[in-house]
$ cat final19.txt   # compact mmCIF, C-alpha atoms
# COMPACT_ATOMS: atom_id res chain seq x y z
CA MET A 1 269.63 -87.58 65.00
CA ALA A 2 265.85 -87.67 65.44
CA GLN A 3 264.51 -86.45 68.78
CA GLY A 4 261.03 -85.92 70.12
CA GLN A 5 261.31 -84.40 73.56
CA GLY A 6 259.31 -81.46 74.86
CA ASP A 7 256.13 -79.75 73.74
CA TYR A 8 255.80 -77.87 70.47
CA ARG A 9 256.55 -74.17 70.54
CA ILE A 10 257.54 -71.71 67.85
CA LEU A 11 261.23 -70.94 68.20
CA HIS A 12 262.12 -67.35 67.50
CA GLU A 13 265.67 -66.06 67.76
CA ALA A 14 266.33 -66.29 71.49
CA ALA A 15 264.56 -69.63 71.94
CA LEU A 16 266.27 -71.08 68.88
CA ARG A 17 269.69 -70.01 70.15
CA ASP A 18 269.05 -71.74 73.47
CA TYR A 19 267.77 -74.86 71.79
CA LEU A 20 270.71 -75.21 69.40
CA ALA A 21 273.17 -74.56 72.21
CA GLY A 22 271.74 -77.63 73.90
CA VAL A 23 272.38 -79.90 70.91
CA ALA A 24 276.05 -80.79 71.28
CA ASP A 25 276.74 -81.71 67.64
CA ILE A 26 275.13 -78.55 66.31
CA ALA A 27 276.83 -76.33 68.86
CA ALA A 28 280.17 -77.88 67.85
CA THR A 29 279.43 -77.33 64.17
CA LEU A 30 278.68 -73.66 64.79
CA GLY A 31 281.56 -73.07 67.20
CA GLY A 32 282.13 -70.16 69.54
CA GLU A 33 279.80 -68.92 72.24
CA PRO A 34 276.07 -69.14 71.50
CA ALA A 35 275.68 -65.44 72.32
CA SER A 36 277.91 -64.66 69.33
CA TRP A 37 275.91 -66.69 66.82
CA SER A 38 274.08 -64.75 64.14
CA ILE A 39 270.51 -65.90 63.49
CA THR A 40 268.63 -64.62 60.45
CA GLU A 41 265.10 -65.60 59.46
CA VAL A 42 265.11 -66.04 55.68
CA GLY A 43 261.92 -68.00 55.02
CA ASP A 44 260.22 -66.61 51.92
CA GLY A 45 258.05 -69.66 51.26
CA ASN A 46 254.40 -70.25 51.93
CA LEU A 47 254.48 -72.57 54.94
CA ASN A 48 257.47 -72.47 57.31
CA LEU A 49 260.09 -70.59 59.29
CA VAL A 50 263.63 -70.90 57.94
CA PHE A 51 266.72 -69.59 59.73
CA ILE A 52 270.37 -69.29 58.81
CA VAL A 53 272.55 -69.66 61.91
CA LYS A 54 276.27 -68.88 61.79
CA GLY A 55 278.94 -69.28 64.44
CA GLY A 56 282.67 -68.93 64.65
CA ARG A 57 283.33 -72.29 62.97
CA GLY A 58 280.43 -72.82 60.55
CA GLY A 59 276.77 -72.45 59.78
CA VAL A 60 273.54 -74.44 59.55
CA ALA A 61 270.05 -73.99 58.13
CA VAL A 62 267.11 -74.54 60.48
CA LYS A 63 263.56 -75.17 59.28
CA GLN A 64 260.55 -75.26 61.58
CA ALA A 65 257.01 -76.02 60.47
CA LEU A 66 254.27 -73.73 61.69
CA PRO A 67 250.87 -75.10 62.71
CA TYR A 68 249.25 -73.13 59.90
CA VAL A 69 249.90 -71.96 56.35
CA ARG A 70 252.28 -69.04 56.71
CA LEU A 71 251.07 -67.40 53.50
CA VAL A 72 247.49 -67.21 54.83
CA GLY A 73 247.79 -67.25 58.62
CA GLU A 74 246.19 -69.07 61.53
CA SER A 75 242.84 -69.29 59.74
CA TRP A 76 244.35 -72.14 57.69
CA PRO A 77 245.67 -74.74 60.17
CA LEU A 78 248.11 -77.37 58.93
CA PRO A 79 249.49 -80.44 60.73
CA LEU A 80 253.04 -80.28 62.03
CA SER A 81 253.54 -83.86 60.89
CA ARG A 82 254.58 -82.54 57.48
CA ALA A 83 258.03 -81.88 58.98
CA HIS A 84 258.29 -85.57 59.82
CA TYR A 85 257.43 -86.56 56.25
CA GLU A 86 259.93 -84.06 54.91
CA TYR A 87 262.61 -85.58 57.13
CA LEU A 88 261.70 -89.08 55.94
CA ALA A 89 261.76 -87.97 52.32
CA LEU A 90 265.12 -86.22 52.61
CA SER A 91 266.57 -89.29 54.30
CA ARG A 92 265.34 -91.57 51.51
CA GLN A 93 266.38 -89.18 48.76
CA ASP A 94 269.86 -88.94 50.25
CA GLU A 95 270.12 -92.73 50.08
CA LEU A 96 268.95 -92.89 46.48
CA ALA A 97 270.55 -89.71 45.06
CA PRO A 98 273.46 -88.92 47.39
CA GLY A 99 274.85 -85.41 47.20
CA LEU A 100 271.73 -83.93 45.62
CA VAL A 101 269.89 -82.98 48.82
CA PRO A 102 271.21 -81.08 51.85
CA ALA A 103 272.81 -83.18 54.57
CA LEU A 104 270.57 -83.76 57.58
CA LEU A 105 272.18 -82.82 60.90
CA HIS A 106 269.38 -82.98 63.47
CA HIS A 107 265.63 -83.51 63.68
CA ASN A 108 263.13 -82.94 66.49
CA GLU A 109 259.76 -84.39 65.57
CA THR A 110 257.86 -82.74 68.42
CA LEU A 111 259.15 -79.29 67.53
CA ALA A 112 258.70 -80.04 63.79
CA LEU A 113 262.26 -78.78 63.41
CA THR A 114 265.09 -79.94 61.18
CA VAL A 115 268.69 -78.72 61.09
CA MET A 116 270.45 -79.13 57.77
CA GLU A 117 273.64 -78.33 55.96
CA LEU A 118 273.89 -74.65 55.12
CA LEU A 119 274.04 -74.35 51.35
CA GLU A 120 276.43 -71.56 50.38
CA PRO A 121 276.87 -69.85 47.97
CA HIS A 122 273.79 -71.54 46.48
CA ILE A 123 270.72 -69.48 45.64
CA ILE A 124 267.13 -70.43 44.88
CA MET A 125 267.15 -71.38 41.21
CA ARG A 126 264.03 -69.34 40.43
CA LYS A 127 265.80 -66.17 41.53
CA GLY A 128 268.75 -66.94 39.32
CA MET A 129 266.51 -67.56 36.32
CA VAL A 130 264.68 -64.27 36.85
CA ALA A 131 268.13 -62.68 36.57
CA GLY A 132 268.81 -64.63 33.37
CA THR A 133 271.51 -66.93 34.79
CA GLN A 134 272.29 -70.23 33.10
CA TYR A 135 273.15 -73.36 35.11
CA PRO A 136 275.24 -75.89 33.18
CA ARG A 137 275.08 -78.62 35.88
CA PHE A 138 271.35 -78.49 36.34
CA VAL A 139 270.25 -80.97 33.67
CA ASP A 140 272.56 -83.76 34.76
CA ASP A 141 271.85 -83.26 38.45
CA ILE A 142 268.06 -82.92 38.35
CA THR A 143 267.64 -85.83 35.95
CA THR A 144 269.82 -88.04 38.13
CA PHE A 145 267.75 -87.03 41.14
CA MET A 146 264.45 -87.79 39.43
CA ALA A 147 265.54 -91.02 37.76
CA GLN A 148 267.09 -92.44 40.94
CA THR A 149 264.35 -91.43 43.38
CA LEU A 150 261.45 -92.38 41.11
CA PHE A 151 262.79 -95.64 39.70
CA PHE A 152 264.06 -97.07 43.00
CA THR A 153 260.80 -96.40 44.84
CA SER A 154 258.65 -97.92 42.08
CA ASP A 155 257.35 -101.43 41.43
CA LEU A 156 260.06 -101.76 38.82
CA ALA A 157 262.69 -101.88 41.57
CA LEU A 158 260.81 -102.99 44.69
CA SER A 159 258.93 -106.06 45.76
CA ALA A 160 255.21 -105.54 46.22
CA ALA A 161 255.64 -105.70 50.00
CA GLU A 162 258.43 -103.10 50.03
CA LYS A 163 256.42 -100.80 47.83
CA LYS A 164 253.34 -101.06 50.04
CA GLN A 165 255.45 -100.35 53.12
CA GLY A 166 256.72 -97.22 51.40
CA ILE A 167 253.20 -96.10 50.55
CA ALA A 168 252.13 -96.69 54.15
CA ALA A 169 255.03 -94.66 55.54
CA PHE A 170 253.84 -91.54 53.70
CA ALA A 171 250.09 -92.16 53.66
CA GLY A 172 249.53 -89.85 56.60
CA ASN A 173 250.72 -86.81 54.63
CA HIS A 174 247.22 -86.37 53.22
CA ALA A 175 246.82 -82.77 54.43
CA LEU A 176 249.60 -81.67 52.10
CA CYS A 177 248.12 -83.75 49.30
CA LYS A 178 244.80 -82.02 49.92
CA ILE A 179 246.48 -78.65 49.33
CA THR A 180 247.69 -79.90 45.97
CA GLU A 181 244.35 -81.43 45.09
CA ASP A 182 242.59 -78.13 45.74
CA LEU A 183 245.10 -75.49 44.68
CA ILE A 184 246.34 -77.20 41.51
CA PHE A 185 243.53 -79.39 40.27
CA THR A 186 240.36 -77.62 41.43
CA ASP A 187 240.44 -73.98 42.53
CA PRO A 188 241.81 -72.34 39.34
CA TYR A 189 238.80 -73.71 37.45
CA ARG A 190 236.11 -72.36 39.77
CA ILE A 191 235.40 -69.29 41.87
CA ALA A 192 237.60 -69.64 44.94
CA GLU A 193 238.22 -66.98 47.55
CA GLN A 194 242.00 -67.21 47.37
CA ASN A 195 242.35 -67.20 43.59
CA ARG A 196 244.02 -64.19 42.06
CA TRP A 197 245.40 -63.15 38.68
CA THR A 198 246.68 -60.11 36.84
CA ALA A 199 243.49 -58.13 36.58
CA PRO A 200 241.89 -56.74 34.54
CA TYR A 201 243.94 -58.16 31.70
CA LEU A 202 243.34 -61.83 32.52
CA ASP A 203 239.75 -61.48 33.72
CA ALA A 204 238.28 -62.90 30.53
CA LEU A 205 240.75 -65.79 30.49
CA ALA A 206 239.93 -66.63 34.10
CA ALA A 207 236.24 -66.69 33.21
CA GLU A 208 236.94 -68.97 30.25
CA LEU A 209 238.70 -71.46 32.52
CA ARG A 210 235.63 -71.59 34.74
CA GLU A 211 233.34 -72.34 31.78
CA ASP A 212 235.49 -74.75 29.74
CA MET A 213 234.00 -78.19 30.38
CA GLU A 214 236.59 -79.99 28.26
CA LEU A 215 239.30 -78.44 30.37
CA HIS A 216 237.40 -79.42 33.52
CA VAL A 217 237.32 -83.03 32.34
CA ALA A 218 241.04 -82.96 31.50
CA ILE A 219 242.09 -81.49 34.84
CA SER A 220 239.81 -83.91 36.70
CA ARG A 221 241.45 -86.85 34.98
CA LEU A 222 244.82 -85.52 36.09
CA LYS A 223 243.50 -85.05 39.62
CA LEU A 224 242.27 -88.65 39.69
CA LYS A 225 245.66 -89.87 38.54
CA PHE A 226 247.34 -87.79 41.23
CA MET A 227 245.04 -89.27 43.88
CA ALA A 228 244.92 -92.87 42.71
CA SER A 229 248.29 -93.76 41.15
CA PRO A 230 250.98 -94.37 43.80
CA GLU A 231 253.72 -95.15 41.27
CA ALA A 232 256.73 -93.88 43.23
CA LEU A 233 257.85 -91.62 46.07
CA LEU A 234 257.44 -88.07 44.81
CA HIS A 235 259.08 -84.90 46.02
CA GLY A 236 255.62 -83.43 45.51
CA ASP A 237 256.62 -79.79 44.97
CA LEU A 238 259.60 -79.98 42.63
CA HIS A 239 259.79 -76.49 41.19
CA THR A 240 262.64 -74.04 40.71
CA GLY A 241 261.85 -72.53 44.11
CA SER A 242 262.65 -75.90 45.71
CA ILE A 243 266.04 -76.19 44.04
CA MET A 244 269.20 -74.43 45.18
CA VAL A 245 272.03 -74.02 42.71
CA THR A 246 275.41 -72.74 41.80
CA GLU A 247 276.90 -73.12 38.36
CA ILE A 248 278.51 -76.36 39.52
CA GLN A 249 276.08 -77.81 42.10
CA THR A 250 272.39 -78.55 42.47
CA ARG A 251 270.54 -79.37 45.69
CA VAL A 252 266.86 -80.28 45.96
CA ILE A 253 265.16 -78.99 49.10
CA ASP A 254 261.71 -78.83 50.76
CA PRO A 255 260.08 -82.22 50.05
CA GLU A 256 257.36 -81.74 52.68
CA PHE A 257 254.69 -82.59 50.08
CA ALA A 258 256.28 -86.03 49.60
CA PHE A 259 253.95 -88.97 49.00
CA TYR A 260 253.56 -91.90 46.63
CA GLY A 261 251.99 -90.64 43.42
CA PRO A 262 252.34 -90.52 39.63
CA MET A 263 255.90 -89.96 38.44
CA GLY A 264 254.85 -87.47 35.79
CA PHE A 265 253.82 -85.03 38.51
CA ASP A 266 257.43 -84.42 39.59
CA VAL A 267 258.85 -84.39 36.07
CA GLY A 268 256.03 -82.16 34.85
CA ALA A 269 256.63 -79.71 37.69
CA VAL A 270 260.24 -79.22 36.62
CA LEU A 271 259.30 -78.71 32.98
CA ALA A 272 256.43 -76.35 33.83
CA ASN A 273 258.67 -74.08 35.85
CA LEU A 274 261.28 -73.96 33.13
CA LEU A 275 258.60 -73.09 30.58
CA MET A 276 257.19 -70.37 32.83
CA ALA A 277 260.70 -68.92 33.18
CA TYR A 278 260.90 -68.91 29.39
CA PHE A 279 257.63 -67.01 28.94
CA ALA A 280 258.42 -64.60 31.77
CA SER A 281 261.82 -63.75 30.33
CA ALA A 282 260.57 -61.19 27.81
CA GLY A 283 258.93 -59.27 30.65
CA HIS A 284 262.29 -58.85 32.36
CA GLU A 285 264.03 -57.37 29.33
CA ARG A 286 265.40 -53.88 29.62
CA VAL A 287 266.44 -53.90 25.96
CA PRO A 288 264.44 -55.90 23.39
CA GLY A 289 266.15 -59.20 22.60
CA GLU A 290 268.78 -58.99 25.34
CA ARG A 291 267.64 -62.30 26.91
CA ARG A 292 267.37 -64.35 23.72
CA ALA A 293 270.45 -66.43 24.56
CA PHE A 294 269.03 -67.21 27.99
CA GLU A 295 265.68 -68.15 26.48
CA ALA A 296 267.35 -70.48 23.98
CA TRP A 297 269.16 -72.15 26.90
CA VAL A 298 265.88 -72.57 28.79
CA LEU A 299 264.16 -74.35 25.89
CA GLU A 300 267.23 -76.48 25.28
CA THR A 301 267.15 -77.34 29.00
CA VAL A 302 263.49 -78.35 28.76
CA GLU A 303 264.35 -80.83 26.02
CA GLN A 304 267.44 -82.11 27.79
CA VAL A 305 265.62 -82.62 31.10
CA TRP A 306 263.09 -84.97 29.57
CA ASN A 307 265.56 -86.73 27.27
CA ALA A 308 268.21 -87.25 29.95
CA PHE A 309 265.64 -88.35 32.53
CA ALA A 310 264.12 -90.88 30.12
CA ARG A 311 267.55 -92.22 29.18
CA LYS A 312 268.68 -92.61 32.81
CA PHE A 313 265.37 -94.15 33.89
CA LEU A 314 265.52 -96.69 31.06
CA ASP A 315 269.16 -97.47 31.82
CA LEU A 316 268.21 -98.31 35.41
CA TRP A 317 265.39 -100.53 34.19
CA ARG A 318 267.58 -102.34 31.66
CA ALA A 319 270.32 -102.86 34.23
CA GLY A 320 268.35 -105.64 35.88
CA ALA A 321 265.25 -104.37 37.62
CA ALA A 322 264.43 -106.53 40.65
CA GLY A 323 260.88 -105.35 41.26
CA ASP A 324 257.76 -107.47 41.09
CA ALA A 325 256.48 -105.63 38.01
CA TYR A 326 257.44 -107.16 34.64
CA PRO A 327 259.06 -110.31 36.10
CA ALA A 328 262.08 -111.44 34.09
CA SER A 329 260.76 -114.99 33.91
CA LEU A 330 257.99 -113.80 31.58
CA PHE A 331 260.42 -112.24 29.11
CA ALA A 332 263.03 -114.93 28.51
CA GLY A 333 265.10 -115.22 25.35
CA GLU A 334 265.53 -112.83 22.45
CA THR A 335 261.82 -112.65 21.74
CA GLY A 336 261.02 -111.82 25.34
CA ALA A 337 263.80 -109.24 25.56
CA ALA A 338 262.57 -107.51 22.40
CA ARG A 339 258.99 -107.45 23.62
CA LEU A 340 260.01 -106.08 27.02
CA GLU A 341 262.03 -103.34 25.35
CA ALA A 342 259.01 -102.36 23.28
CA GLU A 343 256.97 -102.22 26.48
CA ARG A 344 259.60 -100.02 28.12
CA GLN A 345 259.26 -97.56 25.27
CA ALA A 346 255.46 -97.62 25.58
CA TYR A 347 255.78 -97.07 29.34
CA MET A 348 257.92 -93.99 28.77
CA GLN A 349 255.48 -92.64 26.20
CA ARG A 350 252.68 -92.92 28.74
CA LEU A 351 254.89 -91.26 31.33
CA PHE A 352 255.62 -88.45 28.89
CA ALA A 353 251.90 -87.90 28.29
CA ASP A 354 251.37 -87.67 32.07
CA THR A 355 254.31 -85.28 32.37
CA VAL A 356 252.91 -82.93 29.74
CA GLY A 357 249.49 -82.87 31.38
CA PHE A 358 250.86 -82.21 34.85
CA ALA A 359 253.14 -79.48 33.46
CA ALA A 360 250.04 -77.77 32.08
CA ALA A 361 248.23 -78.05 35.40
CA LYS A 362 251.19 -76.62 37.31
CA THR A 363 251.38 -73.68 34.92
CA ILE A 364 247.72 -72.71 35.16
CA ARG A 365 247.65 -72.84 38.94
CA ARG A 366 250.61 -70.44 39.20
CA ILE A 367 248.74 -67.83 37.16
CA PHE A 368 245.17 -68.14 38.49
CA GLY A 369 245.51 -69.81 41.89
CA LEU A 370 246.72 -68.81 45.34
CA ALA A 371 250.52 -69.15 45.13
CA HIS A 372 252.27 -67.44 42.21
CA ASN A 373 255.82 -67.44 40.82
CA ILE A 374 258.23 -64.53 41.05
CA ASP A 375 259.13 -65.30 37.42
CA PHE A 376 255.93 -63.44 36.56
CA GLU A 377 255.32 -61.47 39.76
CA LEU A 378 258.56 -59.48 39.45
CA ILE A 379 257.52 -58.11 36.06
CA ASP A 380 256.55 -54.63 37.22
CA ASP A 381 254.33 -53.59 34.35
CA PRO A 382 251.02 -55.49 34.77
CA ARG A 383 250.25 -55.50 31.06
CA ARG A 384 253.63 -57.00 30.22
CA ARG A 385 253.19 -59.50 33.04
CA ALA A 386 249.76 -60.49 31.79
CA THR A 387 251.10 -60.90 28.26
CA SER A 388 253.78 -63.32 29.47
CA GLU A 389 251.23 -65.19 31.56
CA ALA A 390 248.71 -65.41 28.72
CA ARG A 391 251.35 -66.99 26.49
CA ALA A 392 252.11 -69.59 29.15
CA VAL A 393 248.40 -70.35 29.62
CA ARG A 394 247.87 -70.68 25.87
CA LEU A 395 250.54 -73.37 25.75
CA ALA A 396 249.22 -75.05 28.91
CA ARG A 397 245.69 -75.31 27.51
CA ALA A 398 247.04 -76.89 24.36
CA LEU A 399 249.14 -79.37 26.33
CA MET A 400 246.19 -80.37 28.46
CA LEU A 401 243.56 -80.61 25.74
CA GLU A 402 245.60 -81.61 22.70
CA GLY A 403 248.17 -83.95 24.22
CA GLY A 404 248.28 -86.06 21.08
CA ALA A 405 249.73 -83.10 19.21
CA PHE A 406 252.82 -83.26 21.45
CA PRO A 407 254.27 -86.76 21.03
CA ALA A 408 257.81 -85.61 21.82
CA ILE A 409 259.43 -82.95 23.96
CA ALA A 410 260.63 -81.09 20.86
CA ASP A 411 256.98 -80.52 19.97
CA VAL A 412 256.48 -78.79 23.31
CA THR A 413 259.46 -76.47 22.91
CA SER A 414 258.51 -75.75 19.30
CA ALA A 415 255.05 -74.64 20.42
CA ALA A 416 256.58 -72.49 23.18
CA ARG A 417 258.93 -70.84 20.70
CA LYS A 418 256.04 -69.97 18.39
CA LEU A 419 254.18 -68.32 21.26
CA ARG A 420 257.11 -66.22 22.44
CA ASP A 421 255.95 -63.12 20.55
CA TRP A 422 252.22 -63.88 20.32
CA GLN A 423 250.16 -60.89 21.40
CA PRO A 424 246.95 -61.58 23.33
CA GLU A 425 244.02 -59.23 22.92
CA PHE A 426 243.43 -57.33 26.14

$ encode --input "final19.txt" --output "structure tokens"
Amino acid sequence: MAQGQGDYRILHEAALRDYLAGVADIAATLGGEPASWSITEVGDGNLNLVFIVKGGRGGVAVKQALPYVRLVGESWPLPLSRAHYEYLALSRQDELAPGLVPALLHHNETLALTVMELLEPHIIMRKGMVAGTQYPRFVDDITTFMAQTLFFTSDLALSAAEKKQGIAAFAGNHALCKITEDLIFTDPYRIAEQNRWTAPYLDALAAELREDMELHVAISRLKLKFMASPEALLHGDLHTGSIMVTEIQTRVIDPEFAFYGPMGFDVGAVLANLLMAYFASAGHERVPGERRAFEAWVLETVEQVWNAFARKFLDLWRAGAAGDAYPASLFAGETGAARLEAERQAYMQRLFADTVGFAAAKTIRRIFGLAHNIDFELIDDPRRRATSEARAVRLARALMLEGGAFPAIADVTSAARKLRDWQPEF
């Protein structure tokens, strides 16, 4: 499946057609003559080219990394090796959470190109949520994905040697980590050339972020945890734009930011994007109150994501964890079992605190940093957009600075609900 021949070149339509025609398995999957294949560039992300290729028999998705950040251009170079780490991550995730990532069909490391299963009729989840669509399978699927991939790549499931080998395999993906370290944990809190926000309405709030030393301490602690806590293999960019859905299926895509880091970063990313969809919802109303049922589903989903993830993660741990952490020989008998269970609960409480903090960080960066969410961006009226964003930031600041006031996920959703109609002063 993996190949490395030839020199790197960007494959546009004609070159891509010729390349795929030379890969026997892919040509057979597509069927028909290569000249008849339709090739459509659909990449709407920040980094890569993405094509949908269809032939007489079937279709595939093709992703090629560019040697720079697509959103910015050639002035921001980026290593092609990220495609290799994405391929490794997808391979591992498919082993640990089968059926929840797209099937891998072909990979060329030199061309930084991967051919995958074409997901149809799936759409990017963020787009569906902007439209107010509910996804009944999402909670079970995403919590299975997170519990399986995080638990089985952690010290709870692996020997120390296996874990260190895993860390080493992804350690070279530091350029992508650097993007996260800057764009999420640093730039929104200082003057940075690529920062932007809904001006002039959020100008004062942006200035407050730059002057709030308590917030600077809190975000720096989160940054340190991100940099120094290789707890498990993370997707690294697990938001609703990296999830493709139908009402009955969920597929997680785009793990090019994968590395070993703190588990709460992935879980917090999911919760943050759900909460941003909740706050953005009012801005998409055509008639006041028409999206209340959708908003209730979103907050219920926030609660269910954490609760189901925690339950599944604990079930895996209780089922007989074989990792070098918490060796069973130290917790023999009823007394040992009871003490270990208490420690499991304490572990999850610490993980929840991390999750809440990272959710706050992910929210703030999407409103004041470089890359924004269409949840907010597609609200046409800038004042309405800024109002939705200010509500999200108000919750995020509280989550980051007053974490002790949110001991359970219901406390988070309760606070969000209270802010739904809060009116900022612009």

$ atom_distance --input "final19.txt" --atom1 "CA of Asp212 (chain A)" --atom2 "CA of Met400 (chain A)"
12.2 Å

$ residues_around --input "final19.txt" --residues "Gln249 (chain A)" --least-positions-apart "3" --cutoff "7 Å" --atoms "only C-alpha atoms" --output "PyMOL selection string"
chain A and resi 137+245-246

$ atom_distance --input "final19.txt" --atom1 "CA of Ser159 (chain A)" --atom2 "CA of Ala328 (chain A)"
13.2 Å

$ atom_distance --input "final19.txt" --atom1 "CA of Leu395 (chain A)" --atom2 "CA of Asn307 (chain A)"
20.2 Å

$ closest_residue --input "final19.txt" --among "A:Ile26, A:Ile364, A:Val60, A:Val305" --to "Met146 (chain A)" --atoms "only C-alpha atoms"
A:Val305

$ residues_around --input "final19.txt" --residues "region 51-55 of chain A" --least-positions-apart "5" --cutoff "8 Å" --atoms "all atoms listed in the file" --output "JSON, numbers by chain"
{"A": [30, 31, 32, 33, 34, 36, 37, 38, 39, 40, 41, 42, 43, 60, 61, 62, 63, 118]}

$ residues_around --input "final19.txt" --residues "region 278-286 of chain A" --least-positions-apart "2" --cutoff "6 Å" --atoms "all atoms listed in the file" --output "list in words"
Leu275, Met276, Glu295, Asp375, Phe376, Ile379, Arg384 and Ser388 of chain A

$ axis_aligned_box --input "final19.txt" --around "region 169-187 of chain A" --padding-each-side "5 Å" --output "lines of an AutoDock Vina configuration file"
center_x = 247.7
center_y = -84.3
center_z = 48.4
size_x = 24.7
size_y = 30.7
size_z = 26.3

$ closest_atom_pairs --input "final19.txt" --of "region 136-181 of chain A" --to "region 79-88 of chain A" --cutoff "10 Å" --atoms "all atoms listed in the file" --output "CSV"
residue,atom,partner,partner_atom,distance
A:Ala169,CA,A:Tyr85,CA,8.5
A:Phe170,CA,A:Tyr85,CA,6.6
A:Ala171,CA,A:Tyr85,CA,9.6
A:Gly172,CA,A:Ser81,CA,8.4
A:Asn173,CA,A:Arg82,CA,6.4
A:His174,CA,A:Arg82,CA,9.3
A:Ala175,CA,A:Pro79,CA,7.2
A:Leu176,CA,A:Arg82,CA,7.4

$ closest_residue --input "final19.txt" --among "A:Ala322, A:Leu233, A:Ala371, A:Ala15" --to "Gln165 (chain A)" --atoms "all atoms listed in the file"
A:Leu233

$ closest_residue --input "final19.txt" --among "A:Ala228, A:Ile123, A:Met213, A:Leu316" --to "Thr149 (chain A)" --atoms "only C-alpha atoms"
A:Leu316

$ residues_around --input "final19.txt" --residues "Arg383 (chain A)" --least-positions-apart "3" --cutoff "8 Å" --atoms "only C-alpha atoms" --output "list in words"
Tyr201, Ala386 and Thr387 of chain A

$ closest_residue --input "final19.txt" --among "A:Glu181, A:Asp141, A:Asp324, A:Asp354" --to "Gly403 (chain A)" --atoms "all atoms listed in the file"
A:Asp354

$ closest_residue --input "final19.txt" --among "A:Ala308, A:Leu66, A:Leu16, A:Val393" --to "Leu205 (chain A)" --atoms "only C-alpha atoms"
A:Val393

$ residues_around --input "final19.txt" --residues "Ala206 (chain A)" --least-positions-apart "6" --cutoff "9 Å" --atoms "only C-alpha atoms" --output "list in words"
Pro188, Tyr189, Arg190, Trp197 and Phe368 of chain A
